[in-house]
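Only one structure is covered here, and it is reproduced in the block below.
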Amino acid sequence: MTIASTTVTDRPIGPRVRADGARRRLPGRFHEGRHPSTRSVVLNAVLVLAVAVLLAVVTYRTRILVTNIDGVSYMSIAEQYASWHWADAVNGYWSPMVSWLMAPLIGIGLGPTTSFGIVNLLACVAIAGVGAWLLLRTTGNGWTAAWYTVAVTPLLIADVSLQTPDVLVLLWSLVFVWALLAADRAWHGSVRRIVRIGVLLGLVCAIGYCTKAFLVPVFLVVVPLWALIRWYQDRRGQRERRSLLLPAVALAAVVVFSAPWVIALSVKFGGVELGSSLTVNVSGKFSDTSGTDAQQYRIASPPNALAVSPNEDRTPSLYDAGVRTADRTVPADPVPGESAAPTSSHTTTLAGKLGYYVQQRLEALPFYFTRIGSFAAFALPIGAAFVAALAAGVVHYRRFVFASIVALASGVYLLGYAGIATVDTLGGNSRYYLPLFTGSVLVAGALLPTIWRAARRGTWVRRGLAVVACLAVVVAAYSQNVNGVRAPFSVLSTSPSGFPKGQVLGGVITPNEPLVDALDAARTIPEDSRILGTNARDTVRVAFRLGLHAYGETGQQYDYEDPAFVGLLRESGVQYFLNYTNALIPRDRDYSAIGRVVGSFTVDQTCQDIKSAPVQPCTVDVVEVEPS
C-alpha cells in the first residue's frame, strides 16, 4: 500500500480513445484516479478478513441475548415466514428485509437470536469490505482504505449484536452511494448504459424501501437532487437530454421492484398500502395531542395467534381493531420519569401544526448533536469542515465526485431524522444516525490523499497534525463504541450493546434476565398463555423467551384495584396478570378481584414501565385471571 504519487481525484467516466490510439479528456468529464496496486488490494482484503473473524467472535458471544425490544417483533415475524404463515407475517409496520434474511436460517433450525446475529455479522463484514473497496476505487490508495476499515471496526463491534435493521441500513447507505457513483459515470453514456444503470439504481432504492421505511424519503430526495447537481455541473453545450433518462428510469424501476411487496400489503389490508411506519411515527410530530387517552385503560391484542405482542404490527387499521378500552374509575398518577401529557390539543389549525412542528425541531436540535456525538465524535467536525471547504471553493464536485455524493446522501439523511426526531425522545436513538459515522469517514478518506500531499510539502508539524487527526478518529471510535467512555470532542458517553465495556473477547455471555429464569424454573405460566404486565416493556421480553403472548401497552399504569381495569382484563381474554412493584416498599396486596396468586418473585431488574428505567429490587406477582 503506497501513498506516494497517488492521483487523488475521483474516477468517473473513462476517457475515450481516438482513432490514432491517443487518449483525450472530454470537457465536462472527470479524470481518473490511479488503479490500486495488487498489493494494496490483497492487504486490505486480509485486513477485512481479520475484522470478519473478530466480528464472528463477538457474534458468537452475544448470540443468545435480546439486545433490543424491537428485535422481538422482527424475530417473531421471521419465525412466521419460516413456518410458512406468510399471511400473518406480511406486516405493514416493520420493514421486511431483516425478517426475510433471518427466515431461511430459522427454517434450518437455528434460533431467532442466532439467526439475527448471523445476518448482522454478514452485513457488518460487507460494510467493512464495501467501504474499503469504494475508497480503493476512488483514490487508488491502500492506506486510506485500511484507515477506513480500522476506524469503522469499533462501530461494527458495538452494533453487530443490535437486533434492529439499522446495521442493514448502514450497509444500504454504502451500496446506495456506489449506485449513485455508477450513475454519475453513466451520465454521458449511451442510452443502453443509462437505462441499465437507472434500473440498478432503482433496484437499490427498492431494497432500501424493504429495509427501512425512512429510506424512502431519503432516496426520493437524494436522487433528484443529485441529478439536478449533475446536470448543472456540465457546461451548457455539453448537457444531453438523454442523461435525464437516468433518474426517470430509476424511479420507474423503484415502482416495478417494489410492486410485489406493495401488492402483498394492499391485499392484506384491503386497499392501497405502502406501509404504516412513516404514517404512525410522523403523525404525532405536528400535534401535541399525546396523552388524550390518559383517562382510559387500553389493552391492545397481538395482531395474530402467532404474534408475541401488539407491537408486532402497529398499522392503525389492524392495531386499533385489537384495542379494548374502558374509562378509569381511579384517576391515574403521572408516570415517574415521564412528563405529564396535555389533555387537549392546541394544534388544530394548519398554522398551529406548522408552528408546533418548527418549535419542536428547534428544541430538539441540541439532542441531534448529542446523539451523533455519542458514537461519532468526529462526524460533525468533518461535516462542518467539508461544507466550509465547499463554500470556499477548495472542494468542487468535478474533482471530488465521490466525496460530494457521500456528503449529499449523509446530509439529506441527517436532515430527514432531524425532521422527525423529538425532544421527548431526546433526539431519537443513536442507532438512527449510524450512516453518519461511515459517511464522515468516507468523506475524510476521499480527501485524505489530497490533505497528505499538501502536508508532505509543508513542515513536519503539518505532517504530524495530519497523522494525529487520523489517529484521533480511530481512538474516538474505539473509546466510544468499544469502551463506552467519553472520547475526544464527545458530548455524551455511550454504552456498547451486547458485551461488557471493553471486553470484546471472552466466553459466551449469558442473558441477565432473572424474572425469565425464575418463571421458567418454577413453570409458573404454561406455554402459549396470554399475559399482561404493568411493565409492558419487560413483559414482551418475558413473552418472547417463554413462548407466551403479551397484551397491553406501555405507559398505561394498570391498576388492579380499579373495577374498570379488572373488567377490561377479563374481557380481553388475558390469562395471567403480572404486577411489577418496588420491593423496597412492602405492601399487602389483595388480588382477589382478579384471581389467585400463583407465584411471587423478587428480582433485581427494571421495574418501572419507562425507557431506560434503572435496575432495582422488583417484586413481580403473577396472578391467574379467573374468567368471569
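In the C-alpha cells, chains take the letters A, B, ... in the order shown, each chain's residues start at 1, and ligands count up from 1 in the order shown.
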Taking only segment 214-343 of chain A into account, list the residues labelled strand (DSSP E) by DSSP (computed from the backbone), as a list in words.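 These are the residues in question: Gln296, Tyr297, Arg298, Ile299, Ala300, Val323, Arg324, Thr325, Ala326 and Asp327 of chain A.
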Any idea what's packed within 10 Å of segment 168-174 of chain A, counting only C-alpha atoms, ignoring anything in its chain fewer than 6 positions away? Could you give it as a VMD selection string? chain A and resid 97 to 98 119 to 120 122 to 128 130 to 131 134 180 204 to 205 207 to 208 211 to 212 214 to 215 219 406 409 to 410 413 431 to 439 442
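Summary of the local environment: counting only C-alpha atoms, residues at most 8 Å from segment 611-627 of chain A, other than itself and those fewer than 4 positions away along its chain, are Arg570, Val574, Gln575, Tyr576, Phe577, Leu578, Asn579, Tyr580, Thr581, Asn582, Ala583, Leu584, Tyr591, Ile594, Gly595, Arg596, Val597, Val598, Gly599, Ser600, Phe601, Thr602, Val603, Asp604, Gln605, Thr606 and Cys607 of chain A.
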Which residues of segment 485-601 of chain A have any atom within 9 Å of an atom in segment 52-73 of chain A when counting only C-alpha atoms, and what is the closest pair of atoms for each, with the distance in Å to one decimal? Order the rows by chain and rising number and write it as a tab-separated table.
residue	atom	partner	partner_atom	distance
A:Ser497	CA	A:Thr67	CA	6.7
A:Gly498	CA	A:Thr62	CA	5.8
A:Phe499	CA	A:Thr62	CA	6.9
A:Val504	CA	A:Val58	CA	6.5
A:Leu505	CA	A:Val58	CA	7.0
A:Gly506	CA	A:Arg61	CA	7.3
A:Gly507	CA	A:Arg61	CA	6.1
A:Val508	CA	A:Arg61	CA	4.0
A:Ile509	CA	A:Arg61	CA	5.5
A:Thr510	CA	A:Leu65	CA	7.3
A:Pro511	CA	A:Leu65	CA	5.5
A:Asn512	CA	A:Leu65	CA	8.7
A:Arg537	CA	A:Ile69	CA	7.5
A:Asp538	CA	A:Ile69	CA	8.6
A:Val540	CA	A:Ile69	CA	7.6
A:Arg541	CA	A:Ile69	CA	7.0
A:Phe544	CA	A:Val72	CA	6.8
Atoms kept (N, CA, C and O atoms) for selection, written as a compact mmCIF listing (two decimals), in the first residue's frame:
# COMPACT_ATOMS: atom_id res chain seq x y z
N SER A 497 -23.71 -2.16 23.18
CA SER A 497 -24.76 -3.14 23.38
C SER A 497 -24.21 -4.53 23.11
O SER A 497 -23.44 -4.74 22.19
N GLY A 498 -24.58 -5.50 23.94
CA GLY A 498 -24.25 -6.88 23.65
C GLY A 498 -23.04 -7.44 24.36
O GLY A 498 -22.92 -8.64 24.52
N PHE A 499 -22.11 -6.60 24.83
CA PHE A 499 -20.95 -7.15 25.53
C PHE A 499 -20.49 -6.14 26.58
O PHE A 499 -20.73 -4.94 26.45
N VAL A 504 -14.10 -7.34 24.43
CA VAL A 504 -14.52 -7.86 23.13
C VAL A 504 -14.37 -9.38 23.08
O VAL A 504 -15.22 -10.08 22.53
N LEU A 505 -13.31 -9.88 23.67
CA LEU A 505 -13.05 -11.32 23.65
C LEU A 505 -13.50 -11.95 24.96
O LEU A 505 -13.58 -11.29 25.99
N GLY A 506 -13.80 -13.24 24.90
CA GLY A 506 -14.22 -13.95 26.10
C GLY A 506 -15.22 -15.04 25.78
O GLY A 506 -15.41 -15.40 24.61
N GLY A 507 -15.86 -15.55 26.82
CA GLY A 507 -16.82 -16.63 26.64
C GLY A 507 -18.19 -16.12 26.25
O GLY A 507 -18.43 -14.91 26.12
N VAL A 508 -19.12 -17.05 26.06
CA VAL A 508 -20.49 -16.71 25.70
C VAL A 508 -21.13 -15.94 26.84
O VAL A 508 -21.03 -16.32 28.02
N ILE A 509 -21.82 -14.85 26.51
CA ILE A 509 -22.45 -14.01 27.52
C ILE A 509 -23.85 -14.54 27.81
O ILE A 509 -24.68 -14.70 26.91
N THR A 510 -24.11 -14.82 29.08
CA THR A 510 -25.42 -15.32 29.50
C THR A 510 -26.35 -14.15 29.73
O THR A 510 -25.98 -13.18 30.40
N PRO A 511 -27.57 -14.19 29.21
CA PRO A 511 -28.50 -13.09 29.41
C PRO A 511 -28.81 -12.87 30.89
O PRO A 511 -28.99 -13.85 31.65
N ASN A 512 -28.84 -11.62 31.30
CA ASN A 512 -29.22 -11.29 32.67
C ASN A 512 -30.71 -11.02 32.72
O ASN A 512 -31.16 -9.87 32.63
N ARG A 537 -42.95 -3.20 28.73
CA ARG A 537 -41.71 -3.45 28.00
C ARG A 537 -41.07 -4.77 28.42
O ARG A 537 -40.66 -5.58 27.58
N ASP A 538 -40.97 -4.99 29.72
CA ASP A 538 -40.36 -6.23 30.19
C ASP A 538 -41.26 -7.43 29.90
O ASP A 538 -40.77 -8.54 29.67
N VAL A 540 -42.99 -8.03 27.28
CA VAL A 540 -42.75 -8.50 25.92
C VAL A 540 -41.54 -9.43 25.89
O VAL A 540 -41.55 -10.48 25.24
N ARG A 541 -40.50 -9.07 26.62
CA ARG A 541 -39.30 -9.91 26.68
C ARG A 541 -39.64 -11.27 27.31
O ARG A 541 -39.20 -12.32 26.83
N PHE A 544 -41.54 -13.40 24.83
CA PHE A 544 -40.69 -13.94 23.77
C PHE A 544 -39.86 -15.12 24.26
O PHE A 544 -39.75 -16.15 23.59
Residue set, segment 363-453 of chain A restricted to helix (DSSP H, G or I), as a PyMOL selection string: chain A and resi 363-373+379-392+401-418+430-433+435-453
Writing out the chosen residues with C-alpha atoms as a PDB file, in the first residue's frame:
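Final output, saved to again.pdb:
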ATOM      1  CA  GLU A 363     -35.921  22.461  20.863  1.00  0.00           C
ATOM      2  CA  ALA A 364     -34.643  19.061  19.738  1.00  0.00           C
ATOM      3  CA  LEU A 365     -31.664  20.470  17.816  1.00  0.00           C
ATOM      4  CA  PRO A 366     -29.095  20.066  20.649  1.00  0.00           C
ATOM      5  CA  PHE A 367     -30.131  16.441  21.112  1.00  0.00           C
ATOM      6  CA  TYR A 368     -29.355  15.598  17.475  1.00  0.00           C
ATOM      7  CA  PHE A 369     -25.759  16.666  18.008  1.00  0.00           C
ATOM      8  CA  THR A 370     -25.669  14.795  21.309  1.00  0.00           C
ATOM      9  CA  ARG A 371     -26.862  11.547  19.731  1.00  0.00           C
ATOM     10  CA  ILE A 372     -24.395  11.734  16.857  1.00  0.00           C
ATOM     11  CA  GLY A 373     -21.540  12.738  19.153  1.00  0.00           C
ATOM     12  CA  ALA A 379     -18.709  13.233  12.355  1.00  0.00           C
ATOM     13  CA  LEU A 380     -19.960  16.785  12.841  1.00  0.00           C
ATOM     14  CA  PRO A 381     -16.472  18.401  12.710  1.00  0.00           C
ATOM     15  CA  ILE A 382     -15.713  16.534   9.478  1.00  0.00           C
ATOM     16  CA  GLY A 383     -19.079  17.540   8.033  1.00  0.00           C
ATOM     17  CA  ALA A 384     -18.599  21.166   9.015  1.00  0.00           C
ATOM     18  CA  ALA A 385     -15.083  21.207   7.524  1.00  0.00           C
ATOM     19  CA  PHE A 386     -16.362  19.740   4.256  1.00  0.00           C
ATOM     20  CA  VAL A 387     -19.157  22.319   4.000  1.00  0.00           C
ATOM     21  CA  ALA A 388     -16.672  25.112   4.693  1.00  0.00           C
ATOM     22  CA  ALA A 389     -14.287  23.772   2.032  1.00  0.00           C
ATOM     23  CA  LEU A 390     -17.174  23.514  -0.427  1.00  0.00           C
ATOM     24  CA  ALA A 391     -18.263  27.093   0.282  1.00  0.00           C
ATOM     25  CA  ALA A 392     -14.686  28.349  -0.085  1.00  0.00           C
ATOM     26  CA  VAL A 401     -17.312  13.352  -7.121  1.00  0.00           C
ATOM     27  CA  PHE A 402     -17.284  10.529  -4.600  1.00  0.00           C
ATOM     28  CA  ALA A 403     -16.894  12.792  -1.547  1.00  0.00           C
ATOM     29  CA  SER A 404     -19.636  15.075  -2.836  1.00  0.00           C
ATOM     30  CA  ILE A 405     -22.079  12.194  -3.354  1.00  0.00           C
ATOM     31  CA  VAL A 406     -21.372  10.809   0.125  1.00  0.00           C
ATOM     32  CA  ALA A 407     -21.825  14.258   1.664  1.00  0.00           C
ATOM     33  CA  LEU A 408     -25.103  14.794  -0.210  1.00  0.00           C
ATOM     34  CA  ALA A 409     -26.559  11.458   0.911  1.00  0.00           C
ATOM     35  CA  SER A 410     -25.370  11.942   4.507  1.00  0.00           C
ATOM     36  CA  GLY A 411     -26.698  15.488   4.693  1.00  0.00           C
ATOM     37  CA  VAL A 412     -30.163  14.524   3.465  1.00  0.00           C
ATOM     38  CA  TYR A 413     -30.168  11.551   5.849  1.00  0.00           C
ATOM     39  CA  LEU A 414     -29.344  13.813   8.803  1.00  0.00           C
ATOM     40  CA  LEU A 415     -31.958  16.405   7.883  1.00  0.00           C
ATOM     41  CA  GLY A 416     -34.535  13.645   7.485  1.00  0.00           C
ATOM     42  CA  TYR A 417     -34.130  12.339  11.018  1.00  0.00           C
ATOM     43  CA  ALA A 418     -33.831  15.858  12.375  1.00  0.00           C
ATOM     44  CA  SER A 430     -28.289   6.926  18.488  1.00  0.00           C
ATOM     45  CA  ARG A 431     -28.570   3.935  16.140  1.00  0.00           C
ATOM     46  CA  TYR A 432     -30.780   6.001  13.834  1.00  0.00           C
ATOM     47  CA  TYR A 433     -27.749   8.077  12.862  1.00  0.00           C
ATOM     48  CA  PRO A 435     -24.741   6.122   8.486  1.00  0.00           C
ATOM     49  CA  LEU A 436     -23.284   9.470   9.523  1.00  0.00           C
ATOM     50  CA  PHE A 437     -20.326   7.579  11.008  1.00  0.00           C
ATOM     51  CA  THR A 438     -19.349   5.856   7.772  1.00  0.00           C
ATOM     52  CA  GLY A 439     -20.358   8.898   5.737  1.00  0.00           C
ATOM     53  CA  SER A 440     -17.972  11.186   7.603  1.00  0.00           C
ATOM     54  CA  VAL A 441     -15.125   8.651   7.454  1.00  0.00           C
ATOM     55  CA  LEU A 442     -15.631   8.147   3.702  1.00  0.00           C
ATOM     56  CA  VAL A 443     -15.632  11.904   3.063  1.00  0.00           C
ATOM     57  CA  ALA A 444     -12.445  12.300   5.072  1.00  0.00           C
ATOM     58  CA  GLY A 445     -10.923   9.274   3.346  1.00  0.00           C
ATOM     59  CA  ALA A 446     -11.689  10.640  -0.108  1.00  0.00           C
ATOM     60  CA  LEU A 447      -9.946  13.903   0.771  1.00  0.00           C
ATOM     61  CA  LEU A 448      -7.119  12.315   2.756  1.00  0.00           C
ATOM     62  CA  PRO A 449      -4.635  11.815  -0.119  1.00  0.00           C
ATOM     63  CA  THR A 450      -5.014  15.488  -1.060  1.00  0.00           C
ATOM     64  CA  ILE A 451      -4.505  16.527   2.539  1.00  0.00           C
ATOM     65  CA  TRP A 452      -1.477  14.276   2.874  1.00  0.00           C
ATOM     66  CA  ARG A 453       0.131  15.592  -0.324  1.00  0.00           C
TER      67      ARG A 453
END
I'd like the contact shell of segment 321-324 of chain A - 6 Å cut-off, only C-alpha atoms, skipping same-chain residues fewer than 4 positions apart - returned as a list of chain:residue names.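 These residues fall inside the cut-off: A:Arg298, A:Ile299, A:Ala300, A:Ser301.
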Just write the chosen residues, all heavy atoms, as a short mmCIF file (atom, residue, chain, number, x, y, z; two decimals), in the first residue's frame.
data_model
loop_
_atom_site.label_atom_id
_atom_site.label_comp_id
_atom_site.auth_asym_id
_atom_site.auth_seq_id
_atom_site.Cartn_x
_atom_site.Cartn_y
_atom_site.Cartn_z
N ARG A 298 -56.26 1.06 28.14
CA ARG A 298 -56.20 0.48 26.80
C ARG A 298 -55.47 -0.86 26.89
O ARG A 298 -54.35 -0.91 27.39
CB ARG A 298 -55.46 1.41 25.83
CG ARG A 298 -56.21 2.68 25.47
CD ARG A 298 -55.32 3.66 24.71
NE ARG A 298 -54.69 3.05 23.55
CZ ARG A 298 -55.23 3.02 22.33
NH1 ARG A 298 -56.43 3.59 22.13
NH2 ARG A 298 -54.61 2.45 21.32
N ILE A 299 -56.10 -1.89 26.41
CA ILE A 299 -55.45 -3.20 26.33
C ILE A 299 -55.42 -3.60 24.86
O ILE A 299 -56.46 -3.87 24.26
CB ILE A 299 -56.18 -4.26 27.17
CG1 ILE A 299 -56.09 -3.91 28.66
CG2 ILE A 299 -55.57 -5.65 26.92
CD1 ILE A 299 -56.74 -4.93 29.57
N ALA A 300 -54.23 -3.60 24.30
CA ALA A 300 -54.05 -3.98 22.90
C ALA A 300 -53.75 -5.48 22.80
O ALA A 300 -53.12 -6.05 23.70
CB ALA A 300 -52.91 -3.18 22.28
N SER A 301 -54.19 -6.09 21.71
CA SER A 301 -54.01 -7.53 21.50
C SER A 301 -52.99 -7.75 20.38
O SER A 301 -52.87 -6.94 19.47
CB SER A 301 -55.33 -8.19 21.11
OG SER A 301 -56.33 -7.91 22.05
#
Just give me the gap between atom CA of Val191 of chain A and atom CA of Arg242 of chain A in Å, one decimal is fine. 6.8 Å
